[in-house]
Each structure stands twice: as structure tokens, then as C-alpha cells.
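Content type TSV, C-alpha atoms and all ligand atoms, from the file target-v9.tsv:
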chain	number	residue	atom	x	y	z
W	1	MET	CA	-117.57	303.43	138.77
W	2	LYS	CA	-116.21	305.14	141.87
W	3	ARG	CA	-112.90	306.98	141.56
W	4	ILE	CA	-109.95	305.56	143.52
W	5	ASP	CA	-107.66	307.97	145.36
W	6	VAL	CA	-104.13	306.81	146.22
W	7	PRO	CA	-102.08	308.71	148.82
W	8	ALA	CA	-98.97	309.45	146.75
W	9	THR	CA	-96.10	311.88	146.25
W	10	PRO	CA	-96.39	314.82	145.62
W	11	PHE	CA	-100.19	314.64	146.21
W	12	HIS	CA	-103.10	312.21	145.84
W	13	TYR	CA	-103.28	310.19	142.60
W	14	PRO	CA	-106.89	309.69	141.51
W	15	PHE	CA	-107.80	307.05	138.91
W	16	SER	CA	-110.85	305.41	137.38
W	17	PRO	CA	-111.18	301.64	137.75
W	18	GLY	CA	-111.05	299.87	134.39
W	19	ARG	CA	-109.43	302.85	132.63
W	20	THR	CA	-106.09	302.27	134.35
W	21	ALA	CA	-103.58	299.76	132.99
W	22	LEU	CA	-100.89	298.10	135.08
W	23	VAL	CA	-97.64	298.32	133.08
W	24	VAL	CA	-94.85	295.82	133.76
W	25	ILE	CA	-91.67	296.97	132.06
W	26	ASP	CA	-89.08	294.44	130.81
W	27	MET	CA	-89.25	291.84	133.60
W	28	GLN	CA	-87.43	289.48	131.25
W	29	ARG	CA	-84.64	287.04	132.04
W	30	ASP	CA	-82.15	289.25	130.13
W	31	PHE	CA	-82.22	291.83	132.93
W	32	VAL	CA	-82.96	289.72	136.00
W	33	GLU	CA	-80.89	286.56	135.53
W	34	PRO	CA	-77.13	285.99	135.16
W	35	GLY	CA	-75.85	285.59	131.58
W	36	GLY	CA	-78.21	288.13	129.99
W	37	PHE	CA	-77.97	291.67	128.67
W	38	GLY	CA	-77.98	293.34	132.10
W	39	ALA	CA	-75.09	291.20	133.30
W	40	SER	CA	-73.21	291.78	130.01
W	41	LEU	CA	-73.12	295.48	130.90
W	42	GLY	CA	-71.37	294.64	134.16
W	43	ASN	CA	-74.38	294.90	136.48
W	44	ASP	CA	-75.32	292.91	139.60
W	45	VAL	CA	-78.67	291.49	138.45
W	46	THR	CA	-79.69	290.40	141.96
W	47	ARG	CA	-80.34	294.09	142.74
W	48	LEU	CA	-83.53	293.83	140.67
W	49	HIS	CA	-85.05	290.84	142.50
W	50	ALA	CA	-86.73	292.91	145.23
W	51	ALA	CA	-89.31	294.19	142.72
W	52	ILE	CA	-90.59	290.73	141.72
W	53	GLU	CA	-92.91	290.02	144.65
W	54	PRO	CA	-94.55	293.48	144.73
W	55	ILE	CA	-95.20	293.24	140.97
W	56	ALA	CA	-96.72	289.75	141.39
W	57	THR	CA	-99.05	291.11	144.10
W	58	LEU	CA	-100.16	294.01	141.88
W	59	LEU	CA	-100.69	291.67	138.91
W	60	ALA	CA	-102.94	289.49	141.08
W	61	ALA	CA	-104.92	292.57	142.19
W	62	TRP	CA	-105.39	293.81	138.60
W	63	ARG	CA	-106.30	290.36	137.30
W	64	ALA	CA	-108.83	289.79	140.09
W	65	ARG	CA	-110.63	292.95	138.96
W	66	GLY	CA	-110.37	292.29	135.21
W	67	TRP	CA	-108.43	295.51	134.63
W	68	PRO	CA	-105.97	295.90	131.71
W	69	VAL	CA	-102.37	294.73	132.01
W	70	VAL	CA	-99.48	295.52	129.65
W	71	HIS	CA	-96.13	293.71	129.68
W	72	THR	CA	-93.16	294.95	127.69
W	73	ARG	CA	-89.94	293.27	126.61
W	74	GLU	CA	-86.88	295.03	125.23
W	75	ALA	CA	-86.44	292.82	122.16
W	76	HIS	CA	-85.16	293.26	118.61
W	77	ARG	CA	-85.78	291.44	115.36
W	78	GLY	CA	-83.34	288.62	114.66
W	79	ASP	CA	-81.84	290.49	111.69
W	80	LEU	CA	-81.25	293.55	113.93
W	81	SER	CA	-83.03	295.75	111.37
W	82	ASP	CA	-84.72	297.59	114.27
W	83	CYS	CA	-81.52	298.00	116.31
W	84	PRO	CA	-79.66	301.18	115.40
W	85	PRO	CA	-75.86	300.82	115.34
W	86	ALA	CA	-75.76	303.72	117.82
W	87	LYS	CA	-77.45	301.39	120.32
W	88	ARG	CA	-75.60	298.19	119.46
W	89	LEU	CA	-72.08	299.61	119.21
W	90	ARG	CA	-72.11	301.98	122.21
W	91	GLY	CA	-69.55	301.28	124.92
W	92	ALA	CA	-67.57	298.09	125.50
W	93	PRO	CA	-69.92	295.45	126.96
W	94	ARG	CA	-68.85	291.81	127.32
W	95	LEU	CA	-71.48	290.88	124.71
W	96	ARG	CA	-73.52	293.07	122.39
W	97	ILE	CA	-77.21	292.93	121.41
W	98	GLY	CA	-77.63	289.95	119.07
W	99	ASP	CA	-74.55	288.09	120.35
W	100	ALA	CA	-75.02	284.60	121.77
W	101	GLY	CA	-75.09	284.38	125.57
W	102	THR	CA	-76.07	281.61	127.95
W	103	MET	CA	-79.78	282.39	127.39
W	104	GLY	CA	-79.57	282.70	123.60
W	105	ARG	CA	-78.94	285.87	121.57
W	106	LEU	CA	-79.13	288.97	123.78
W	107	LEU	CA	-82.34	291.04	123.47
W	108	ILE	CA	-83.59	289.13	120.41
W	109	ARG	CA	-87.27	288.28	120.10
W	110	GLY	CA	-88.11	284.66	120.84
W	111	GLU	CA	-84.79	283.83	122.53
W	112	PRO	CA	-84.91	282.32	126.05
W	113	GLY	CA	-83.43	285.50	127.55
W	114	THR	CA	-86.24	287.74	126.33
W	115	ALA	CA	-88.90	285.60	128.05
W	116	ILE	CA	-90.62	287.28	130.96
W	117	ILE	CA	-89.62	285.55	134.18
W	118	PRO	CA	-92.01	282.72	135.19
W	119	ALA	CA	-93.15	284.46	138.41
W	120	LEU	CA	-94.64	287.28	136.29
W	121	ALA	CA	-95.64	285.34	133.16
W	122	PRO	CA	-98.31	287.15	131.11
W	123	LEU	CA	-101.80	285.66	130.72
W	124	ALA	CA	-103.19	285.01	127.25
W	125	ASP	CA	-105.44	288.09	127.25
W	126	GLU	CA	-102.74	290.55	128.36
W	127	LEU	CA	-100.85	292.81	125.95
W	128	VAL	CA	-97.20	291.85	125.45
W	129	ILE	CA	-95.21	294.51	123.59
W	130	ASP	CA	-91.76	293.92	122.07
W	131	LYS	CA	-90.08	297.30	122.00
W	132	PRO	CA	-86.84	298.15	120.18
W	133	GLY	CA	-86.20	301.23	122.31
W	134	LYS	CA	-86.05	302.06	125.97
W	135	GLY	CA	-89.49	303.70	125.81
W	136	MET	CA	-92.62	301.58	125.30
W	137	PHE	CA	-94.28	303.86	122.73
W	138	TRP	CA	-91.43	304.26	120.23
W	139	SER	CA	-92.15	302.05	117.19
W	140	THR	CA	-94.68	299.81	118.96
W	141	GLY	CA	-98.21	301.06	118.20
W	142	LEU	CA	-99.03	300.83	121.92
W	143	HIS	CA	-100.70	304.26	122.10
W	144	ASP	CA	-103.40	303.19	119.62
W	145	MET	CA	-103.96	299.94	121.54
W	146	LEU	CA	-104.40	301.81	124.84
W	147	GLN	CA	-106.68	304.38	123.21
W	148	ALA	CA	-108.83	301.55	121.80
W	149	GLN	CA	-109.26	300.29	125.37
W	150	ARG	CA	-109.99	303.85	126.58
W	151	VAL	CA	-107.04	303.69	128.99
W	152	SER	CA	-106.24	307.10	130.49
W	153	HIS	CA	-104.05	306.20	133.50
W	154	LEU	CA	-100.94	304.00	133.74
W	155	VAL	CA	-99.47	302.41	136.86
W	156	PHE	CA	-95.79	301.66	136.21
W	157	THR	CA	-93.69	298.79	137.55
W	158	GLY	CA	-90.60	296.94	136.29
W	159	VAL	CA	-86.98	297.56	135.42
W	160	THR	CA	-84.85	299.50	135.32
W	161	THR	CA	-86.25	302.56	137.06
W	162	GLU	CA	-84.14	305.23	135.37
W	163	VAL	CA	-83.81	303.63	131.95
W	164	CYS	CA	-86.82	301.83	130.43
W	165	VAL	CA	-89.32	302.69	133.18
W	166	GLN	CA	-88.55	306.39	133.31
W	167	THR	CA	-88.32	306.70	129.50
W	168	SER	CA	-91.69	304.96	129.12
W	169	MET	CA	-93.28	307.12	131.81
W	170	ARG	CA	-92.03	310.30	130.16
W	171	GLU	CA	-93.34	309.14	126.77
W	172	ALA	CA	-96.70	308.34	128.41
W	173	ASN	CA	-96.87	311.71	130.16
W	174	ASP	CA	-96.35	313.51	126.85
W	175	ARG	CA	-99.20	311.45	125.34
W	176	GLY	CA	-101.62	312.59	128.03
W	177	TYR	CA	-101.67	309.65	130.45
W	178	ASP	CA	-101.64	310.24	134.21
W	179	CYS	CA	-98.85	308.01	135.51
W	180	LEU	CA	-98.05	306.48	138.90
W	181	LEU	CA	-94.72	304.76	139.55
W	182	VAL	CA	-94.88	302.10	142.27
W	183	GLU	CA	-91.82	302.58	144.47
W	184	ASP	CA	-91.17	298.99	145.61
W	185	ALA	CA	-92.29	297.45	142.29
W	186	THR	CA	-89.46	299.03	140.34
W	187	GLU	CA	-85.71	298.56	140.70
W	188	SER	CA	-82.43	299.77	139.30
W	189	TYR	CA	-78.88	298.44	139.23
W	190	PHE	CA	-78.03	301.78	140.94
W	191	ALA	CA	-79.77	302.78	144.19
W	192	GLU	CA	-78.93	306.45	143.68
W	193	PHE	CA	-80.47	306.52	140.19
W	194	LYS	CA	-83.72	304.96	141.48
W	195	ALA	CA	-83.92	307.57	144.23
W	196	ALA	CA	-83.17	310.40	141.80
W	197	THR	CA	-85.82	309.16	139.37
W	198	LEU	CA	-88.51	309.07	142.04
W	199	ALA	CA	-87.56	312.56	143.14
W	200	MET	CA	-87.41	314.11	139.67
W	201	ILE	CA	-90.68	312.71	138.28
W	202	ALA	CA	-92.72	314.05	141.21
W	203	ALA	CA	-90.93	317.39	141.52
W	204	GLN	CA	-92.43	320.65	140.26
W	205	GLY	CA	-96.00	319.54	140.96
W	206	ALA	CA	-95.77	316.02	139.43
W	207	ILE	CA	-94.06	317.27	136.27
W	208	VAL	CA	-93.88	313.66	134.96
W	209	GLY	CA	-96.17	311.91	137.44
W	210	TRP	CA	-96.66	310.44	140.89
W	211	HIS	CA	-95.03	307.74	143.02
W	212	ALA	CA	-96.36	305.67	145.89
W	213	PRO	CA	-95.55	302.41	147.68
W	214	SER	CA	-97.56	299.35	146.62
W	215	ALA	CA	-99.10	299.16	150.09
W	216	ALA	CA	-100.75	302.55	149.58
W	217	LEU	CA	-102.09	301.51	146.18
W	218	LEU	CA	-103.40	298.15	147.45
W	219	ALA	CA	-105.01	299.77	150.49
W	220	ALA	CA	-106.78	302.27	148.20
W	221	LEU	CA	-108.15	299.39	146.09
W	222	ASP	CA	-109.60	297.69	149.17
W	223	PRO	CA	-110.43	300.38	151.72
W	224	ALA	CA	-111.17	298.91	155.16
W	301	LIG	N1	-79.30	298.98	131.34
W	301	LIG	C1	-80.41	299.29	131.97
W	301	LIG	O1	-80.40	299.74	133.11
W	301	LIG	N2	-81.61	299.09	131.36
W	301	LIG	C2	-81.84	298.71	130.07
W	301	LIG	O2	-80.94	298.61	129.24
W	301	LIG	N3	-83.13	298.45	129.72
W	301	LIG	C3	-84.22	298.56	130.60
W	301	LIG	O3	-84.20	299.36	131.51
W	301	LIG	N4	-85.23	297.71	130.43

Output the file's structure in the form of C-alpha cells.
Amino acid sequence: MKRIDVPATPFHYPFSPGRTALVVIDMQRDFVEPGGFGASLGNDVTRLHAAIEPIATLLAAWRARGWPVVHTREAHRGDLSDCPPAKRLRGAPRLRIGDAGTMGRLLIRGEPGTAIIPALAPLADELVIDKPGKGMFWSTGLHDMLQAQRVSHLVFTGVTTEVCVQTSMREANDRGYDCLLVEDATESYFAEFKAATLAMIAAQGAIVGWHAPSAALLAALDPA
């Protein structure tokens, strides 16, 4: 199938249709809605809402073409056996991982807060990965699943840009995937950290990967 070329920073991002997965990082209620983990850390969760519509548009584009989609959730086992004390006990949040909040226990698998928001709900045939770390490959088996589907390129969306998205993109880059971060389909609680992440991944000749606005990606999928 014909290669697709996206105008991107720092230079064009070429990818093969069908070998490129759309990755939606941690668009779960715990980060996006009040009363979850993100809010417990003192963040304004409304800052993340701008990414929802661009992600929904990209999901529709990928689904219409039958291309692979991966959703992740930051979610631990109920007994916290996969949550290192170094993660749980760091800092002084209002509530810690595993404590009961208004959407159930924070960042625990199966609780209401770890559900992906309804606007971006996964379809039955899409991969949904519960990850105990910030990165999507650590302790998840995802690399083998992507290799089985012969995926070589990853298009990243989701939250937050400099934490779980950037960590996952760096892990992916080290595993040999070519990665594009979609500028308006990712958000951070901190505007300056989002800007810095975009700048640092594309610096030094795309040392971690590329970034582009969703409009450029969508236009490349459907050239006039
Ligand atoms: N706190 C913050 O910005 N992010 C996280 O804890 N996890 C994700 O980024 N998903």
C-alpha cells in the first residue's frame, strides 16, 4: 500500500498504512475529571479537555480504515502488588494511589475512575493496556502484541504530554518504532511542559520522534 507522508517537525514523517497504530494514552476519568488522581495532585483537570475532540477525530479516521488502535490506562492491581512504594508514597497528595476518592479507589483497575472517558471509549477489537508505570511498555507485554501485528510506527495522543505520553514515546523509540506526537491531541496540566516536550523530542534530528498538528495528519490521509 502507498506510503503516507505527513508534513511534520523537524521533517516529513512517512508511514505505511496498516502498520501504524494510533496510541491513546490514559484518557481515563482519573486524569480528566474532578475527584480523580490528577486532581488529587493539585492539578486543574480542565486543562486536558482540549485534547478530547482531536483524539475522537483521529480515532474515527483510524477506525474507518481498519487500522490498529491501542488505548492505555494507568491502573494498578487492587492489592497494590504492582505499585512500588516509591510511586505511592512520593510527595504529599490529597489522596494516594489506592485510596478511595469520588470515583472509587485512585488508579485501581476496574474502578470507575480508571474507565476511559465515554467520548473515547474503546471498541471491542481494540487493545486496552493497563500499565503500572508511566511508560506503556514497562510490565505490559505490549511490544510483543505490536510485533505480532507487524506494527512499526506509532502515532501518539493522550495525557499528560510530559509524563505518560513522553515516557511511552521514549520507550517506543528505544524499541525501534518511528513515533509521531499529535500536537493538539495531547495535553498537559502545564503549558510550558507541553511546549518543552514537543521541542525536545524533535530536536537533534528527531532524536525521539516527530510532532505535527492533527490537521496535517488528517490531510495526509485524505489528500485533495
Ligand atoms: N501527573 C501527570 O501529569 N501524569 C500522570 O501521573 N500520569 C499520566 O501522565 N498518565

Against ligand LIG 301 (chain W), which residues of chain W fall within 6 Å? For each one I want the closest pair of atoms and the distance in Å (one decimal), counting all atoms listed in the file, rows by chain and increasing residue number, as a tab-separated table.
residue	atom	partner	partner_atom	distance
W:Asp26	CA	W:LIG301	N4	5.1
W:Gly38	CA	W:LIG301	N1	5.8
W:Lys134	CA	W:LIG301	N3	6.0
W:Val159	CA	W:LIG301	O3	5.1
W:Thr160	CA	W:LIG301	O3	3.9
W:Val163	CA	W:LIG301	O3	4.3
W:Cys164	CA	W:LIG301	O3	3.8

If we count only C-alpha atoms, what is near W:Leu59 at a cut-off of 9 Å, once residues fewer than 5 positions away on the same chain are taken out, given as a ChimeraX atom specification?
-> /W:22,24,54,64,69,120

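Atom CA of W:Thr186 sits 25.2 Å away from atom CA of W:Thr102.
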
Quick one: everything within 6 Å of stretch 176-181 of chain W, counting all atoms listed in the file, minus sequence neighbours fewer than 4 positions away in the same chain. Send it as a list of chain:residue names.
-> W:Ser152, W:His153, W:Leu154, W:Val155, W:Phe156, W:Ala172, W:Gly209, W:Trp210, W:His211

Counting all atoms listed in the file, what is within 12 Å of W:Ala206, bar same-chain residues fewer than 2 positions away, as a list in words?
-> Ala8, Thr9, Pro10, Phe11, His12, Tyr13, Met169, Arg170, Asn173, Asp178, Cys179, Leu180, Leu181, Leu198, Ala199, Met200, Ile201, Ala202, Ala203, Gln204, Val208, Gly209, Trp210 and His211 of chain W

Please give the centre and size of the box around stretch 162-181 of chain W (axis-aligned, containing every atom listed in the file, 3 Å added per side), with values in Å to one decimal and written as AutoDock Vina command-line options.
--center_x -92.7 --center_y 307.7 --center_z 132.4 --size_x 23.9 --size_y 17.7 --size_z 20.2

Please determine the residues with any atom at most 10 Å from (-78.3, 292.6, 126.4) (coordinates as given in the file, with only C-alpha atoms counting) and report them as a ChimeraX atom specification.
-> /W:30-31,35-41,74-75,88,93-101,105-108,113-114

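We find atom CA of W:Ser16 and atom CA of W:Pro213 to be spaced 18.7 Å apart.
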
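Residue nearest W:Gly104, chosen from W:Ala148, W:Cys83, W:Val182, W:Arg29 and counting only C-alpha atoms: W:Arg29.
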
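Here atom CA of W:Gly18 stands at a distance of 18.5 Å from atom CA of W:Ala216.
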
List the neighbours of W:Glu187 out to 7 Å using all atoms listed in the file; skip same-chain residues closer than 4 positions along the sequence, and give me the result as number ranges by chain.
-> W: 48, 51, 158-161, 194

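Comparing W:Val165, W:Ala220, W:Ala124, W:Ala92 by their smallest distance to W:Pro14, the closest is W:Ala220 (using all atoms listed in the file).
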
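Distance check against W:Arg19 using only C-alpha atoms: of W:Ile207, W:Ala115, W:Val32, W:Leu146, the minimum falls on W:Leu146.
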